[in-house]
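Listing of my_file_29.pdb; format and content: PDB, C-alpha atoms and all ligand atoms.
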ATOM      1  CA  MET H 390     -52.947  73.523  75.180
ATOM      2  CA  LYS H 391     -50.399  74.453  72.526
ATOM      3  CA  ARG H 392     -50.332  78.207  71.994
ATOM      4  CA  GLY H 393     -51.287  79.400  68.509
ATOM      5  CA  LYS H 394     -48.863  81.137  66.160
ATOM      6  CA  LEU H 395     -48.956  84.775  65.176
ATOM      7  CA  VAL H 396     -48.587  85.537  61.476
ATOM      8  CA  ILE H 397     -47.915  89.164  60.589
ATOM      9  CA  PHE H 398     -48.640  90.017  56.989
ATOM     10  CA  CYS H 399     -47.525  93.373  55.669
ATOM     11  CA  GLY H 400     -47.490  94.962  52.266
ATOM     12  CA  PRO H 401     -48.114  98.377  50.830
ATOM     13  CA  SER H 402     -51.607  99.500  49.968
ATOM     14  CA  GLY H 403     -52.216  98.278  46.413
ATOM     15  CA  SER H 404     -49.823  95.319  46.671
ATOM     16  CA  GLY H 405     -52.725  92.872  46.519
ATOM     17  CA  LYS H 406     -52.461  92.150  50.239
ATOM     18  CA  GLY H 407     -56.215  92.114  50.802
ATOM     19  CA  THR H 408     -56.862  89.580  48.033
ATOM     20  CA  VAL H 409     -54.000  87.323  49.069
ATOM     21  CA  GLY H 410     -54.800  87.696  52.769
ATOM     22  CA  LYS H 411     -58.401  86.585  52.227
ATOM     23  CA  GLU H 412     -57.230  83.344  50.575
ATOM     24  CA  LEU H 413     -54.964  82.602  53.514
ATOM     25  CA  ILE H 414     -57.553  83.350  56.166
ATOM     26  CA  ASN H 415     -60.174  81.252  54.404
ATOM     27  CA  ASP H 416     -57.961  78.171  54.247
ATOM     28  CA  PRO H 417     -59.321  75.945  57.035
ATOM     29  CA  LYS H 418     -56.041  74.084  57.499
ATOM     30  CA  PHE H 419     -54.456  77.161  59.077
ATOM     31  CA  ASN H 420     -57.259  77.634  61.611
ATOM     32  CA  PHE H 421     -56.730  81.399  61.420
ATOM     33  CA  HIS H 422     -58.401  84.028  63.495
ATOM     34  CA  PHE H 423     -58.305  87.333  61.582
ATOM     35  CA  SER H 424     -57.468  90.083  64.017
ATOM     36  CA  VAL H 425     -59.922  92.930  63.425
ATOM     37  CA  SER H 426     -58.088  96.239  63.747
ATOM     38  CA  ALA H 427     -59.390  99.540  64.973
ATOM     39  CA  THR H 428     -59.114 102.571  62.719
ATOM     40  CA  THR H 429     -60.183 106.192  62.541
ATOM     41  CA  ARG H 430     -60.464 106.232  58.764
ATOM     42  CA  GLU H 431     -63.865 106.419  57.132
ATOM     43  CA  LYS H 432     -65.667 103.205  56.388
ATOM     44  CA  ARG H 433     -65.661 102.202  52.726
ATOM     45  CA  GLU H 434     -68.987 101.295  51.155
ATOM     46  CA  ASN H 435     -68.395  97.528  51.175
ATOM     47  CA  GLU H 436     -66.967  97.376  54.696
ATOM     48  CA  ILE H 437     -68.692  96.069  57.785
ATOM     49  CA  GLU H 438     -68.135  97.364  61.320
ATOM     50  CA  GLY H 439     -66.557  94.648  63.459
ATOM     51  CA  LYS H 440     -65.695  92.495  60.449
ATOM     52  CA  ASN H 441     -63.273  94.631  58.463
ATOM     53  CA  TYR H 442     -62.457  97.120  61.201
ATOM     54  CA  TYR H 443     -63.746  98.704  64.360
ATOM     55  CA  PHE H 444     -64.336 102.236  63.162
ATOM     56  CA  LEU H 445     -63.524 104.621  65.993
ATOM     57  CA  THR H 446     -63.467 108.384  66.414
ATOM     58  CA  LYS H 447     -60.049 109.926  67.053
ATOM     59  CA  PRO H 448     -60.822 110.673  70.746
ATOM     60  CA  LYS H 449     -61.996 107.090  71.273
ATOM     61  CA  PHE H 450     -58.885 105.712  69.588
ATOM     62  CA  GLU H 451     -56.703 107.954  71.767
ATOM     63  CA  LYS H 452     -58.555 106.694  74.831
ATOM     64  CA  TRP H 453     -57.764 103.110  73.816
ATOM     65  CA  ILE H 454     -54.089 104.098  73.429
ATOM     66  CA  MET H 455     -54.082 105.544  76.966
ATOM     67  CA  GLU H 456     -55.712 102.378  78.265
ATOM     68  CA  ASN H 457     -53.006 100.215  76.646
ATOM     69  CA  LYS H 458     -55.544  98.358  74.582
ATOM     70  CA  PHE H 459     -53.246  97.961  71.573
ATOM     71  CA  LEU H 460     -50.573  95.430  70.777
ATOM     72  CA  GLU H 461     -49.358  98.072  68.325
ATOM     73  CA  TRP H 462     -50.756 101.165  66.688
ATOM     74  CA  ALA H 463     -49.570 103.631  64.064
ATOM     75  CA  GLU H 464     -50.540 106.659  62.072
ATOM     76  CA  TYR H 465     -51.022 106.013  58.403
ATOM     77  CA  VAL H 466     -52.045 108.719  55.909
ATOM     78  CA  ASP H 467     -53.709 110.950  58.544
ATOM     79  CA  ASN H 468     -55.490 108.147  60.398
ATOM     80  CA  TYR H 469     -54.789 105.825  63.276
ATOM     81  CA  TYR H 470     -54.745 102.042  62.922
ATOM     82  CA  GLY H 471     -54.192  99.574  65.745
ATOM     83  CA  THR H 472     -54.427  95.939  66.806
ATOM     84  CA  PRO H 473     -56.525  95.329  69.935
ATOM     85  CA  ILE H 474     -54.355  93.168  72.168
ATOM     86  CA  ASP H 475     -56.995  91.297  74.179
ATOM     87  CA  SER H 476     -58.497  89.264  71.354
ATOM     88  CA  VAL H 477     -55.039  88.411  69.957
ATOM     89  CA  ASN H 478     -53.885  86.991  73.295
ATOM     90  CA  LYS H 479     -57.157  85.211  73.930
ATOM     91  CA  MET H 480     -57.053  83.464  70.550
ATOM     92  CA  LEU H 481     -53.382  82.491  70.841
ATOM     93  CA  GLU H 482     -54.050  81.024  74.278
ATOM     94  CA  LYS H 483     -56.941  79.032  72.855
ATOM     95  CA  GLY H 484     -54.495  77.513  70.356
ATOM     96  CA  LYS H 485     -55.779  79.490  67.378
ATOM     97  CA  ASN H 486     -53.347  80.930  64.874
ATOM     98  CA  VAL H 487     -53.787  84.677  64.551
ATOM     99  CA  PHE H 488     -53.407  86.647  61.341
ATOM    100  CA  LEU H 489     -52.504  90.347  61.442
ATOM    101  CA  GLU H 490     -52.567  92.506  58.343
ATOM    102  CA  ILE H 491     -50.757  95.698  59.301
ATOM    103  CA  GLU H 492     -48.369  98.371  58.031
ATOM    104  CA  ILE H 493     -44.655  98.593  58.729
ATOM    105  CA  LEU H 494     -44.547 100.802  61.847
ATOM    106  CA  GLY H 495     -46.949  98.426  63.523
ATOM    107  CA  VAL H 496     -44.884  95.390  62.487
ATOM    108  CA  LYS H 497     -41.811  96.871  64.132
ATOM    109  CA  GLN H 498     -43.707  97.332  67.408
ATOM    110  CA  ALA H 499     -45.457  93.974  67.315
ATOM    111  CA  ILE H 500     -42.237  91.964  66.845
ATOM    112  CA  GLN H 501     -40.767  93.536  69.985
ATOM    113  CA  LYS H 502     -43.586  92.018  72.024
ATOM    114  CA  MET H 503     -44.259  88.884  70.000
ATOM    115  CA  THR H 504     -40.743  87.720  69.277
ATOM    116  CA  ASP H 505     -41.788  84.407  67.730
ATOM    117  CA  ALA H 506     -44.162  85.972  65.178
ATOM    118  CA  ILE H 507     -43.850  84.878  61.546
ATOM    119  CA  THR H 508     -43.415  88.005  59.454
ATOM    120  CA  ILE H 509     -44.166  88.113  55.744
ATOM    121  CA  PHE H 510     -43.852  91.092  53.409
ATOM    122  CA  LEU H 511     -45.774  91.205  50.168
ATOM    123  CA  SER H 512     -44.029  93.277  47.515
ATOM    124  CA  PRO H 513     -45.825  94.677  44.497
ATOM    125  CA  PRO H 514     -44.155  93.850  41.155
ATOM    126  CA  SER H 515     -43.493  97.583  40.728
ATOM    127  CA  ILE H 516     -44.577 100.949  42.106
ATOM    128  CA  LYS H 517     -46.217 101.707  38.773
ATOM    129  CA  GLU H 518     -48.401  98.619  39.060
ATOM    130  CA  LEU H 519     -49.273  99.433  42.667
ATOM    131  CA  GLU H 520     -50.350 102.932  41.646
ATOM    132  CA  GLU H 521     -52.468 101.538  38.820
ATOM    133  CA  ARG H 522     -54.191  99.121  41.204
ATOM    134  CA  LEU H 523     -55.020 101.917  43.623
ATOM    135  CA  ILE H 524     -56.450 104.047  40.821
ATOM    136  CA  LEU H 525     -58.498 101.081  39.536
ATOM    137  CA  ARG H 526     -59.818 100.303  43.016
ATOM    138  CA  GLY H 527     -61.191 103.819  43.186
ATOM    139  CA  THR H 528     -61.666 103.927  46.970
ATOM    140  CA  GLU H 529     -59.321 106.876  47.597
ATOM    141  CA  SER H 530     -58.996 110.396  46.262
ATOM    142  CA  LYS H 531     -56.076 111.397  44.032
ATOM    143  CA  GLU H 532     -54.313 113.035  47.001
ATOM    144  CA  GLU H 533     -54.785 109.973  49.186
ATOM    145  CA  ILE H 534     -53.434 107.735  46.431
ATOM    146  CA  GLU H 535     -50.354 109.955  46.194
ATOM    147  CA  GLN H 536     -49.833 109.648  49.949
ATOM    148  CA  ARG H 537     -50.282 105.882  49.830
ATOM    149  CA  VAL H 538     -47.754 105.572  46.993
ATOM    150  CA  LYS H 539     -45.287 107.685  48.963
ATOM    151  CA  ARG H 540     -45.797 105.438  51.964
ATOM    152  CA  ALA H 541     -45.419 102.330  49.785
ATOM    153  CA  LYS H 542     -41.954 103.490  48.693
ATOM    154  CA  GLU H 543     -40.973 103.812  52.368
ATOM    155  CA  GLU H 544     -42.362 100.394  53.258
ATOM    156  CA  ILE H 545     -40.637  98.612  50.375
ATOM    157  CA  LYS H 546     -37.269  99.628  51.815
ATOM    158  CA  PHE H 547     -37.874  97.107  54.599
ATOM    159  CA  ALA H 548     -38.906  94.216  52.368
ATOM    160  CA  ASN H 549     -35.495  92.554  52.576
ATOM    161  CA  ASN H 550     -34.676  93.614  56.112
ATOM    162  CA  LYS H 551     -34.298  90.272  57.855
ATOM    163  CA  GLU H 552     -34.598  91.848  61.300
ATOM    164  CA  VAL H 553     -38.182  92.706  60.447
ATOM    165  CA  PHE H 554     -39.349  90.259  57.777
ATOM    166  CA  LYS H 555     -38.494  86.617  57.630
ATOM    167  CA  TYR H 556     -40.049  86.327  54.175
ATOM    168  CA  ASN H 557     -40.491  88.671  51.229
ATOM    169  CA  VAL H 558     -42.789  87.465  48.459
ATOM    170  CA  ILE H 559     -43.232  89.374  45.202
ATOM    171  CA  ASN H 560     -46.822  89.415  44.047
ATOM    172  CA  ASN H 561     -46.439  88.856  40.306
ATOM    173  CA  ASN H 562     -49.445  86.579  40.113
ATOM    174  CA  VAL H 563     -52.080  86.091  42.810
ATOM    175  CA  ASN H 564     -52.383  82.297  42.506
ATOM    176  CA  ASP H 565     -48.623  81.751  42.628
ATOM    177  CA  THR H 566     -48.295  84.157  45.532
ATOM    178  CA  VAL H 567     -51.034  82.460  47.513
ATOM    179  CA  SER H 568     -49.493  79.074  46.971
ATOM    180  CA  LYS H 569     -45.991  80.313  47.928
ATOM    181  CA  ILE H 570     -47.265  81.882  51.137
ATOM    182  CA  LYS H 571     -49.356  78.826  51.974
ATOM    183  CA  ASP H 572     -46.166  76.746  51.721
ATOM    184  CA  ILE H 573     -44.371  79.160  54.031
ATOM    185  CA  ILE H 574     -47.158  79.102  56.613
ATOM    186  CA  SER H 575     -47.532  75.322  56.447
ATOM    187  CA  LYS H 576     -43.827  74.960  57.135
ATOM    188  CA  GLU H 577     -43.936  77.434  60.021
ATOM    189  CA  ILE H 578     -47.025  76.400  61.949
TER
HETATM  190  P1  LIG S 601     -56.589 100.534  54.600
HETATM  191  O1  LIG S 601     -56.975 101.937  54.895
HETATM  192  O2  LIG S 601     -56.218 100.342  53.146
HETATM  193  O3  LIG S 601     -57.588  99.519  55.090
HETATM  194  O4  LIG S 601     -55.259 100.229  55.425
HETATM  195  C1  LIG S 601     -54.146 101.091  55.322
HETATM  196  C2  LIG S 601     -52.919 100.402  55.903
HETATM  197  O5  LIG S 601     -53.102 100.193  57.303
HETATM  198  C3  LIG S 601     -52.663  99.021  55.317
HETATM  199  O6  LIG S 601     -51.275  98.889  55.057
HETATM  200  C4  LIG S 601     -53.118  98.079  56.405
HETATM  201  O7  LIG S 601     -52.423  96.854  56.383
HETATM  202  C5  LIG S 601     -52.730  98.873  57.626
HETATM  203  N1  LIG S 601     -53.416  98.447  58.854
HETATM  204  C6  LIG S 601     -54.644  97.885  58.982
HETATM  205  N2  LIG S 601     -54.887  97.600  60.271
HETATM  206  C7  LIG S 601     -53.791  97.958  60.969
HETATM  207  C8  LIG S 601     -53.423  97.889  62.346
HETATM  208  O8  LIG S 601     -54.143  97.411  63.214
HETATM  209  N3  LIG S 601     -52.204  98.380  62.670
HETATM  210  C9  LIG S 601     -51.337  98.914  61.767
HETATM  211  N4  LIG S 601     -50.170  99.341  62.205
HETATM  212  N5  LIG S 601     -51.649  98.989  60.460
HETATM  213  C10 LIG S 601     -52.858  98.516  60.070
END
Starting from the file, give its structure as structure tokens.
Amino acid sequence: MKRGKLVIFCGPSGSGKGTVGKELINDPKFNFHFSVSATTREKRENEIEGKNYYFLTKPKFEKWIMENKFLEWAEYVDNYYGTPIDSVNKMLEKGKNVFLEIEILGVKQAIQKMTDAITIFLSPPSIKELEERLILRGTESKEEIEQRVKRAKEEIKFANNKEVFKYNVINNNVNDTVSKIKDIISKEI
């Protein structure tokens, strides 16, 4: 059976990555398996264990690190986030395309192991707009938003780094962005 393709989607918190990502995952023509990450951050009200994330304690996450259960993992704003490797490999072997939505440190690790991954960065139109979206979303405290904005500025520096991202798409308008990325994925897989 033909092995599936790995799509790695990255973009700062508040770039609209969640909204765009959902549209991509729900498009049946891509046959995507969404890789559910593990995290130590607190569950948000609308999130479901095992669907959005596996919510782990820090000791449990550290145990998984020791047991080499992650394709990649990183610390992001005081919490751990990581991609469990087993399900990714299993799905790729089954011929399913796998969709990862992760931050930059994780992307850099993942592309070392998965050299044929398709990497896409989603840029916000501006930092100001990103900050406004985070405030509007209202899921983080003021301090956390500040940390996320700081991290966003770091991540954006890699948007045009071709060693990391094959594509950089600016999210000026969700519908246009979705259609641009769908074209990219259709071409690639
Ligand atoms: P959030 O707390 O908003 O759900 O996610 C914070 C950041 O962590 C986002 O940029 C998200 O893409 C990233 N993230 C989610 N899962 C993973 C993962 O498994 N690994 C890495 N490295 N980052 C992740």
Evaluating the PyMOL selection byres (((not hetatm)) within 7 of (chain S and resi 601)) on the displayed file yields which residues, as a list in words?
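Answer for the PyMOL selection byres (((not hetatm)) within 7 of (chain S and resi 601)): Cys399, Gly400, Pro401, Ser402, Ser426, Ala427, Thr428, Arg430, Glu461, Trp462, Ala463, Tyr465, Tyr470, Gly471, Thr472, Glu490, Ile491, Glu492, Ile493, Leu494, Gly495 and Val496 of chain H.
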If you count only C-alpha atoms, which residues fall within 12 Å of region 545-558 of chain H, apart from same-chain ones fewer than 5 positions away, as a PyMOL selection string?
chain H and resi 396-402+404-406+409+492-501+503-516+519+538-540+563+565-574+577
Resolved residues for the PyMOL selection byres (((chain H and resi 488) around 6) and not hetatm) as number ranges by chain
H: 396, 423-424, 487, 489
Once the PyMOL selection byres (((chain H and resi 442-444) around 9) and not hetatm) has been applied to the shown file, what residues remain in the selection, as an mmCIF file with C-alpha atoms, in the frame of the given file?
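Result went into expr-v4.cif, see below:
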data_model
loop_
_atom_site.group_PDB
_atom_site.id
_atom_site.type_symbol
_atom_site.label_atom_id
_atom_site.label_comp_id
_atom_site.auth_asym_id
_atom_site.auth_seq_id
_atom_site.Cartn_x
_atom_site.Cartn_y
_atom_site.Cartn_z
ATOM 1 C CA VAL H 425 -59.922 92.930 63.425
ATOM 2 C CA SER H 426 -58.088 96.239 63.747
ATOM 3 C CA ALA H 427 -59.390 99.540 64.973
ATOM 4 C CA THR H 428 -59.114 102.571 62.719
ATOM 5 C CA THR H 429 -60.183 106.192 62.541
ATOM 6 C CA ARG H 430 -60.464 106.232 58.764
ATOM 7 C CA GLU H 431 -63.865 106.419 57.132
ATOM 8 C CA LYS H 432 -65.667 103.205 56.388
ATOM 9 C CA GLU H 436 -66.967 97.376 54.696
ATOM 10 C CA ILE H 437 -68.692 96.069 57.785
ATOM 11 C CA GLU H 438 -68.135 97.364 61.320
ATOM 12 C CA GLY H 439 -66.557 94.648 63.459
ATOM 13 C CA LYS H 440 -65.695 92.495 60.449
ATOM 14 C CA ASN H 441 -63.273 94.631 58.463
ATOM 15 C CA LEU H 445 -63.524 104.621 65.993
ATOM 16 C CA THR H 446 -63.467 108.384 66.414
#
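The coordinates place CA of Glu412 (chain H) at 16.2 Å from CA of Ile559 (chain H).
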Final all heavy atoms of region 403-414 of chain H as a compact mmCIF listing (two decimals), in the frame of the given file:
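Written out: part-v9.txt:
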# COMPACT_ATOMS: atom_id res chain seq x y z
N GLY H 403 -52.27 98.48 47.86
CA GLY H 403 -52.22 98.28 46.41
C GLY H 403 -51.29 97.15 46.01
O GLY H 403 -51.11 96.86 44.83
N SER H 404 -50.72 96.44 47.00
CA SER H 404 -49.82 95.32 46.67
C SER H 404 -50.61 94.04 46.39
O SER H 404 -50.05 93.04 45.95
CB SER H 404 -48.84 95.06 47.82
OG SER H 404 -49.54 94.70 48.99
N GLY H 405 -51.91 94.07 46.68
CA GLY H 405 -52.72 92.87 46.52
C GLY H 405 -52.87 92.12 47.83
O GLY H 405 -53.37 90.99 47.87
N LYS H 406 -52.46 92.78 48.91
CA LYS H 406 -52.46 92.15 50.24
C LYS H 406 -53.84 91.68 50.69
O LYS H 406 -53.98 90.61 51.27
CB LYS H 406 -51.89 93.19 51.21
CG LYS H 406 -51.75 92.76 52.62
CD LYS H 406 -51.25 93.94 53.43
CE LYS H 406 -51.97 95.18 52.94
NZ LYS H 406 -51.78 96.38 53.66
N GLY H 407 -54.85 92.48 50.39
CA GLY H 407 -56.22 92.11 50.80
C GLY H 407 -56.67 90.83 50.13
O GLY H 407 -57.18 89.91 50.78
N THR H 408 -56.45 90.76 48.81
CA THR H 408 -56.86 89.58 48.03
C THR H 408 -56.11 88.34 48.50
O THR H 408 -56.72 87.28 48.73
CB THR H 408 -56.54 89.81 46.52
OG1 THR H 408 -56.99 91.11 46.18
CG2 THR H 408 -57.17 88.78 45.65
N VAL H 409 -54.81 88.47 48.65
CA VAL H 409 -54.00 87.32 49.07
C VAL H 409 -54.36 86.93 50.50
O VAL H 409 -54.57 85.75 50.82
CB VAL H 409 -52.48 87.66 48.94
CG1 VAL H 409 -51.63 86.56 49.54
CG2 VAL H 409 -52.12 87.90 47.49
N GLY H 410 -54.48 87.95 51.36
CA GLY H 410 -54.80 87.70 52.77
C GLY H 410 -56.09 86.91 52.93
O GLY H 410 -56.17 85.98 53.74
N LYS H 411 -57.10 87.26 52.13
CA LYS H 411 -58.40 86.58 52.23
C LYS H 411 -58.25 85.08 51.95
O LYS H 411 -58.83 84.24 52.62
CB LYS H 411 -59.36 87.22 51.21
CG LYS H 411 -60.78 87.37 51.75
CD LYS H 411 -61.68 88.10 50.78
CE LYS H 411 -61.52 89.61 50.89
NZ LYS H 411 -62.04 90.33 49.72
N GLU H 412 -57.46 84.76 50.93
CA GLU H 412 -57.23 83.34 50.58
C GLU H 412 -56.57 82.59 51.73
O GLU H 412 -56.87 81.42 51.96
CB GLU H 412 -56.31 83.25 49.35
CG GLU H 412 -56.90 83.80 48.08
CD GLU H 412 -57.98 82.90 47.50
OE1 GLU H 412 -57.86 81.69 47.63
OE2 GLU H 412 -58.95 83.45 46.94
N LEU H 413 -55.69 83.26 52.42
CA LEU H 413 -54.96 82.60 53.51
C LEU H 413 -55.90 82.39 54.71
O LEU H 413 -55.94 81.31 55.30
CB LEU H 413 -53.75 83.43 53.94
CG LEU H 413 -52.76 83.77 52.82
CD1 LEU H 413 -51.70 84.74 53.31
CD2 LEU H 413 -52.09 82.49 52.29
N ILE H 414 -56.65 83.43 55.01
CA ILE H 414 -57.55 83.35 56.17
C ILE H 414 -58.63 82.29 55.94
O ILE H 414 -59.04 81.59 56.86
CB ILE H 414 -58.21 84.72 56.43
CG1 ILE H 414 -57.17 85.74 56.86
CG2 ILE H 414 -59.29 84.64 57.51
CD1 ILE H 414 -57.57 87.14 56.54
